[in-house]
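Data file: work_0.cif. Format and content: mmCIF, C-alpha atoms.
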```cif
data_final
loop_
_atom_site.group_PDB
_atom_site.id
_atom_site.type_symbol
_atom_site.label_atom_id
_atom_site.label_comp_id
_atom_site.auth_asym_id
_atom_site.auth_seq_id
_atom_site.Cartn_x
_atom_site.Cartn_y
_atom_site.Cartn_z
ATOM 1 C CA ALA A 1 121.566 379.180 108.872
ATOM 2 C CA GLY A 2 118.686 380.832 110.632
ATOM 3 C CA VAL A 3 116.645 380.258 113.749
ATOM 4 C CA PRO A 4 114.596 377.368 112.236
ATOM 5 C CA GLU A 5 117.765 375.465 111.313
ATOM 6 C CA CYS A 6 119.212 376.037 114.754
ATOM 7 C CA GLU A 7 115.999 374.880 116.402
ATOM 8 C CA GLY A 8 116.048 371.785 114.214
ATOM 9 C CA ALA A 9 119.591 371.011 115.311
ATOM 10 C CA MET A 10 118.592 371.500 118.974
ATOM 11 C CA ARG A 11 115.579 369.220 118.503
ATOM 12 C CA ASP A 12 117.778 366.556 116.878
ATOM 13 C CA ARG A 13 120.330 366.771 119.697
ATOM 14 C CA VAL A 14 117.709 366.300 122.413
ATOM 15 C CA LYS A 15 116.245 363.344 120.486
ATOM 16 C CA GLU A 16 119.722 361.813 120.242
ATOM 17 C CA LEU A 17 120.328 362.298 123.984
ATOM 18 C CA VAL A 18 116.950 360.761 124.857
ATOM 19 C CA ASP A 19 117.398 357.853 122.423
ATOM 20 C CA THR A 20 120.811 356.966 123.883
ATOM 21 C CA GLY A 21 119.498 357.216 127.452
ATOM 22 C CA ALA A 22 121.880 360.050 128.352
ATOM 23 C CA LEU A 23 118.927 362.354 129.041
ATOM 24 C CA ARG A 24 116.056 360.995 131.086
ATOM 25 C CA PRO A 25 113.023 362.634 132.620
ATOM 26 C CA ARG A 26 113.547 363.270 136.350
ATOM 27 C CA LYS A 27 110.342 361.284 136.983
ATOM 28 C CA ASP A 28 111.960 358.200 135.401
ATOM 29 C CA ILE A 29 115.046 358.624 137.574
ATOM 30 C CA LEU A 30 112.942 358.952 140.725
ATOM 31 C CA ASP A 31 110.928 355.872 139.686
ATOM 32 C CA GLU A 32 114.141 353.857 139.241
ATOM 33 C CA TYR A 33 115.249 354.893 142.721
ATOM 34 C CA ALA A 34 111.869 354.497 144.414
ATOM 35 C CA PHE A 35 113.587 352.529 147.207
ATOM 36 C CA LEU A 36 115.370 355.719 148.358
ATOM 37 C CA ASP A 37 114.010 357.766 151.242
ATOM 38 C CA PRO A 38 111.976 360.594 149.622
ATOM 39 C CA MET A 39 112.827 362.968 152.526
ATOM 40 C CA PRO A 40 116.351 362.173 153.792
ATOM 41 C CA ALA A 41 117.156 364.323 156.846
ATOM 42 C CA GLY A 42 113.918 366.200 156.141
ATOM 43 C CA ILE A 43 115.118 367.381 152.712
ATOM 44 C CA PRO A 44 113.174 366.505 149.545
ATOM 45 C CA LEU A 45 115.194 363.893 147.640
ATOM 46 C CA GLU A 46 114.556 365.664 144.350
ATOM 47 C CA SER A 47 116.290 368.811 145.602
ATOM 48 C CA ILE A 48 119.580 366.992 146.352
ATOM 49 C CA LEU A 49 119.495 364.382 143.592
ATOM 50 C CA ASP A 50 122.369 365.986 141.680
ATOM 51 C CA ARG A 51 124.597 366.037 144.781
ATOM 52 C CA VAL A 52 123.719 362.430 145.531
ATOM 53 C CA PHE A 53 124.666 361.179 142.064
ATOM 54 C CA LYS A 54 127.983 363.063 142.213
ATOM 55 C CA ASP A 55 128.923 361.355 145.481
ATOM 56 C CA THR A 56 131.684 358.783 144.855
ATOM 57 C CA ILE A 57 130.572 356.287 147.503
ATOM 58 C CA PHE A 58 126.941 356.480 146.383
ATOM 59 C CA SER A 59 128.023 355.919 142.765
ATOM 60 C CA ILE A 60 130.104 352.849 143.665
ATOM 61 C CA LEU A 61 127.240 351.305 145.651
ATOM 62 C CA ASP A 62 124.812 352.080 142.836
ATOM 63 C CA ARG A 63 127.062 350.421 140.225
ATOM 64 C CA GLU A 64 127.205 347.332 142.453
ATOM 65 C CA ARG A 65 123.397 347.363 142.800
ATOM 66 C CA LYS A 66 122.939 347.682 139.039
ATOM 67 C CA ALA A 67 125.304 344.786 138.390
ATOM 68 C CA LEU A 68 123.356 342.640 140.856
ATOM 69 C CA MET A 69 120.082 343.626 139.152
ATOM 70 C CA LYS A 70 121.101 341.577 136.111
ATOM 71 C CA SER A 71 119.956 338.519 138.105
ATOM 72 C CA PRO A 72 117.399 339.974 140.531
ATOM 73 C CA GLU A 73 116.032 336.677 141.841
ATOM 74 C CA ALA A 74 119.416 335.136 142.534
ATOM 75 C CA ASN A 75 120.742 338.364 144.052
ATOM 76 C CA ALA A 76 117.668 339.552 145.963
ATOM 77 C CA VAL A 77 119.375 339.599 149.371
ATOM 78 C CA GLU A 78 122.476 341.428 148.084
ATOM 79 C CA ILE A 79 120.324 343.917 146.150
ATOM 80 C CA LYS A 80 118.401 344.717 149.336
ATOM 81 C CA LYS A 81 121.691 345.192 151.206
ATOM 82 C CA ARG A 82 122.909 347.647 148.537
ATOM 83 C CA GLN A 83 119.591 349.506 148.649
ATOM 84 C CA ASN A 84 119.916 349.829 152.425
ATOM 85 C CA ARG A 85 123.508 351.045 152.103
ATOM 86 C CA LEU A 86 122.437 353.529 149.398
ATOM 87 C CA ASN A 87 119.776 354.888 151.754
ATOM 88 C CA GLU A 88 122.317 355.137 154.572
ATOM 89 C CA ARG A 89 124.660 357.063 152.275
ATOM 90 C CA LEU A 90 121.798 359.260 151.046
ATOM 91 C CA ASN A 91 120.910 360.181 154.621
ATOM 92 C CA ARG A 92 124.557 360.979 155.402
ATOM 93 C CA ILE A 93 124.743 363.249 152.341
ATOM 94 C CA ALA A 94 121.482 364.963 153.314
ATOM 95 C CA ALA A 95 122.534 365.314 156.966
ATOM 96 C CA GLY A 96 125.829 366.798 155.825
ATOM 97 C CA GLN A 97 123.926 369.255 153.715
ATOM 98 C CA THR A 98 121.810 370.397 156.642
ATOM 99 C CA SER A 99 124.973 370.722 158.748
ATOM 100 C CA ALA A 100 126.554 372.800 156.002
ATOM 101 C CA ASN A 101 123.477 375.017 156.038
ATOM 102 C CA VAL A 102 124.007 375.696 159.725
ATOM 103 C CA ALA A 103 127.688 376.396 159.095
ATOM 104 C CA GLY A 104 126.774 379.282 156.796
ATOM 105 C CA GLN A 105 126.648 377.476 153.472
ATOM 106 C CA PRO A 106 123.845 378.278 151.014
ATOM 107 C CA PRO A 107 120.718 376.569 152.371
ATOM 108 C CA ILE A 108 118.536 374.079 150.617
ATOM 109 C CA ASP A 109 115.220 375.797 151.087
ATOM 110 C CA GLN A 110 112.900 372.981 152.056
ATOM 111 C CA ALA A 111 109.761 375.095 152.057
ATOM 112 C CA ALA A 112 110.315 377.162 148.916
ATOM 113 C CA PRO A 113 108.454 376.228 145.766
ATOM 114 C CA LYS A 114 110.509 374.468 143.136
ATOM 115 C CA ARG A 115 110.819 377.567 140.931
ATOM 116 C CA ALA A 116 112.444 379.487 143.766
ATOM 117 C CA ARG A 117 114.998 376.689 144.372
ATOM 118 C CA MET A 118 116.054 376.005 140.822
ATOM 119 C CA THR A 119 117.734 378.238 138.315
ATOM 120 C CA ARG A 120 115.734 377.212 135.265
ATOM 121 C CA SER A 121 112.875 375.005 136.351
ATOM 122 C CA SER A 122 110.494 374.454 133.527
ATOM 123 C CA THR A 123 109.899 371.772 130.983
ATOM 124 C CA LEU A 124 111.878 371.893 127.782
ATOM 125 C CA LYS A 125 108.539 372.234 125.987
ATOM 126 C CA ALA A 126 107.789 375.471 127.868
ATOM 127 C CA GLU A 127 111.171 376.989 127.053
ATOM 128 C CA TYR A 128 111.632 375.394 123.623
ATOM 129 C CA PRO A 129 108.224 374.538 122.112
ATOM 130 C CA PHE A 130 109.916 373.072 119.026
ATOM 131 C CA ILE A 131 111.420 370.153 121.032
ATOM 132 C CA GLU A 132 109.001 367.202 120.880
ATOM 133 C CA GLN A 133 110.424 365.287 123.859
ATOM 134 C CA GLY A 134 110.158 368.367 126.021
ATOM 135 C CA ASP A 135 106.946 367.508 127.875
ATOM 136 C CA GLU A 136 108.550 365.260 130.499
ATOM 137 C CA ILE A 137 112.094 366.597 130.542
ATOM 138 C CA GLU A 138 112.909 369.686 132.570
ATOM 139 C CA VAL A 139 115.427 372.280 131.451
ATOM 140 C CA GLU A 140 117.431 371.606 134.615
ATOM 141 C CA ASP A 141 117.781 367.947 133.549
ATOM 142 C CA LEU A 142 119.450 369.106 130.354
ATOM 143 C CA ASP A 143 121.519 371.670 132.287
ATOM 144 C CA ARG A 144 122.625 368.923 134.711
ATOM 145 C CA LEU A 145 123.750 366.774 131.793
ATOM 146 C CA GLY A 146 125.969 369.654 130.655
ATOM 147 C CA ASP A 147 125.926 368.614 127.006
ATOM 148 C CA ALA A 148 128.414 370.916 125.260
ATOM 149 C CA LYS A 149 126.855 370.418 121.833
ATOM 150 C CA PHE A 150 123.385 371.444 123.019
ATOM 151 C CA LYS A 151 124.830 374.388 124.985
ATOM 152 C CA ALA A 152 126.607 375.631 121.840
ATOM 153 C CA LEU A 153 123.408 375.335 119.792
ATOM 154 C CA GLU A 154 121.445 377.075 122.537
ATOM 155 C CA GLY A 155 123.937 379.966 122.521
ATOM 156 C CA LYS A 156 123.876 380.272 118.729
ATOM 157 C CA ARG A 157 120.079 380.287 118.690
ATOM 158 C CA ALA A 158 120.006 383.009 121.345
ATOM 159 C CA LYS A 159 122.394 385.133 119.255
ATOM 160 C CA LEU A 160 120.311 384.535 116.128
ATOM 161 C CA VAL A 161 117.151 385.601 117.925
ATOM 162 C CA ALA A 162 118.877 388.667 119.396
ATOM 163 C CA ASN A 163 120.534 389.676 116.099
ATOM 164 C CA GLY A 164 117.593 388.915 113.839
ATOM 165 C CA ASP A 165 119.188 385.894 112.106
ATOM 166 C CA ALA A 166 122.390 387.739 111.117
ATOM 167 C CA GLY A 167 126.077 387.335 111.830
ATOM 168 C CA VAL A 168 126.022 384.058 113.723
ATOM 169 C CA PRO A 169 127.939 380.885 112.786
ATOM 170 C CA GLU A 170 125.924 377.995 111.448
ATOM 171 C CA CYS A 171 123.963 375.721 113.751
ATOM 172 C CA GLU A 172 125.127 372.167 113.198
#
```

Representation of the structure as structure tokens:
Amino acid sequence: AGVPECEGAMRDRVKELVDTGALRPRKDILDEYAFLDPMPAGIPLESILDRVFKDTIFSILDRERKALMKSPEANAVEIKKRQNRLNERLNRIAAGQTSANVAGQPPIDQAAPKRARMTRSSTLKAEYPFIEQGDEIEVEDLDRLGDAKFKALEGKRAKLVANGDAGVPECE
């Protein structure tokens, strides 16, 4: 299989991830969490989003909020309480991050442009023009997902491109 087949497999994998909801544009995630403080402890929410979603307490509170959202009218008061607790937790996470910065940990650069903060910050469309859903999804969103199948395809494609379509296992 050559580069076109590999690109087709990559395109199909992204479509599958989007269709199942596993991969969502960052904008959609931020819209869903519009109740969160956009600048907790003076840090842009978007720059710590991954850390926030990996936090166990935040995840538990968020699962509770989502369960309550099944009946939003009946649970309005409890939903608001969970949103407040999620914001409290978010601010603790952000404050801990700024404390860690002072303690010599790698800083979250609040003033740096996004490209300087992120490893691969571009849309999928910019990096992989053959992926249709790539206009709204950033490469870092796919990196954050850590999909092993896409990573394998990405590696095979890179080898194919580097070796001129020779000596690389099939892209499936």

Expansion of the PyMOL selection byres ((chain A and resi 31-46) around 6) into residues, as a PDB file with C-alpha atoms, keeping the file's coordinate frame:
```pdb
ATOM      1  CA  ASP A  28     111.960 358.200 135.401  1.00  0.00           C
ATOM      2  CA  ILE A  29     115.046 358.624 137.574  1.00  0.00           C
ATOM      3  CA  LEU A  30     112.942 358.952 140.725  1.00  0.00           C
ATOM      4  CA  SER A  47     116.290 368.811 145.602  1.00  0.00           C
ATOM      5  CA  ILE A  48     119.580 366.992 146.352  1.00  0.00           C
ATOM      6  CA  LEU A  49     119.495 364.382 143.592  1.00  0.00           C
ATOM      7  CA  ASN A  87     119.776 354.888 151.754  1.00  0.00           C
ATOM      8  CA  ASN A  91     120.910 360.181 154.621  1.00  0.00           C
ATOM      9  CA  ALA A  94     121.482 364.963 153.314  1.00  0.00           C
ATOM     10  CA  ALA A  95     122.534 365.314 156.966  1.00  0.00           C
TER      11      ALA A  95
END
```

Handout entry: Straight-line distance linking CA of Leu153 (chain A) with CA of Val139 (chain A), stated in Å to one decimal
Key =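 Computed distance, CA of Leu153 (chain A) to CA of Val139 (chain A), equals 14.5 Å.
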
Exercise for the section: Write out as a VMD selection string each polymer residue whose atoms come within 8 Å of Phe58 (chain A), counting all atoms listed in the file; drop sequence neighbours fewer than 5 positions from it. Expected result: chain A and resid 52 to 53 86 89 to 90

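Remark: for Gly21 (chain A), the closest of the candidate residues A:Pro72, A:Lys151, A:Leu145, A:Arg82 is A:Leu145 (distances computed over only C-alpha atoms).
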
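What separates CA of Gln97 (chain A) from CA of Gly146 (chain A) is a distance of 23.2 Å.
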
Practice task
Find the residues around Lys15 (chain A) up to 12 Å (all atoms listed in the file counted), leave out those fewer than 6 positions away in its own chain, and share them as a list in words.
Solution key: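 Result of the neighbour search: Gly8, Ala9, Gly21, Ala22, Leu23, Arg24, Phe130, Ile131, Glu132, Gln133, Gly134, Ile137, Leu142 and Phe150 of chain A.
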
Give the centre and edge lengths of an axis-aligned box, in Å to one decimal, that holds all listed atoms of region 57-70 of chain A with 8 Å on each side, as AutoDock Vina command-line options.
```
--center_x 125.3 --center_y 349.0 --center_z 141.8 --size_x 26.5 --size_y 30.9 --size_z 27.4
```

Would you translate the PyMOL selection byres ((chain A and resi 61) around 12) into the concrete set of residues it matches in this file, as a PDB file with C-alpha atoms, in the frame of the given file?
```
ATOM      1  CA  VAL A  52     123.719 362.430 145.531  1.00  0.00           C
ATOM      2  CA  PHE A  53     124.666 361.179 142.064  1.00  0.00           C
ATOM      3  CA  ASP A  55     128.923 361.355 145.481  1.00  0.00           C
ATOM      4  CA  THR A  56     131.684 358.783 144.855  1.00  0.00           C
ATOM      5  CA  ILE A  57     130.572 356.287 147.503  1.00  0.00           C
ATOM      6  CA  PHE A  58     126.941 356.480 146.383  1.00  0.00           C
ATOM      7  CA  SER A  59     128.023 355.919 142.765  1.00  0.00           C
ATOM      8  CA  ILE A  60     130.104 352.849 143.665  1.00  0.00           C
ATOM      9  CA  ASP A  62     124.812 352.080 142.836  1.00  0.00           C
ATOM     10  CA  ARG A  63     127.062 350.421 140.225  1.00  0.00           C
ATOM     11  CA  GLU A  64     127.205 347.332 142.453  1.00  0.00           C
ATOM     12  CA  ARG A  65     123.397 347.363 142.800  1.00  0.00           C
ATOM     13  CA  LYS A  66     122.939 347.682 139.039  1.00  0.00           C
ATOM     14  CA  ALA A  67     125.304 344.786 138.390  1.00  0.00           C
ATOM     15  CA  LEU A  68     123.356 342.640 140.856  1.00  0.00           C
ATOM     16  CA  GLU A  78     122.476 341.428 148.084  1.00  0.00           C
ATOM     17  CA  ILE A  79     120.324 343.917 146.150  1.00  0.00           C
ATOM     18  CA  LYS A  80     118.401 344.717 149.336  1.00  0.00           C
ATOM     19  CA  LYS A  81     121.691 345.192 151.206  1.00  0.00           C
ATOM     20  CA  ARG A  82     122.909 347.647 148.537  1.00  0.00           C
ATOM     21  CA  GLN A  83     119.591 349.506 148.649  1.00  0.00           C
ATOM     22  CA  ASN A  84     119.916 349.829 152.425  1.00  0.00           C
ATOM     23  CA  ARG A  85     123.508 351.045 152.103  1.00  0.00           C
ATOM     24  CA  LEU A  86     122.437 353.529 149.398  1.00  0.00           C
ATOM     25  CA  ASN A  87     119.776 354.888 151.754  1.00  0.00           C
ATOM     26  CA  GLU A  88     122.317 355.137 154.572  1.00  0.00           C
ATOM     27  CA  ARG A  89     124.660 357.063 152.275  1.00  0.00           C
ATOM     28  CA  LEU A  90     121.798 359.260 151.046  1.00  0.00           C
TER      29      LEU A  90
END
```

Handout entry: Atom-to-atom span, CA of Lys159 (chain A) and CA of Val3 (chain A), Å
Key =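 Distance between the two atoms: 9.3 Å.
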
Problem - Of the listed residues A:Ala152, A:Leu124, A:Ala162, A:Ala74, that which approaches Cys6 (chain A) most closely, counting all atoms listed in the file - result: A:Ala152
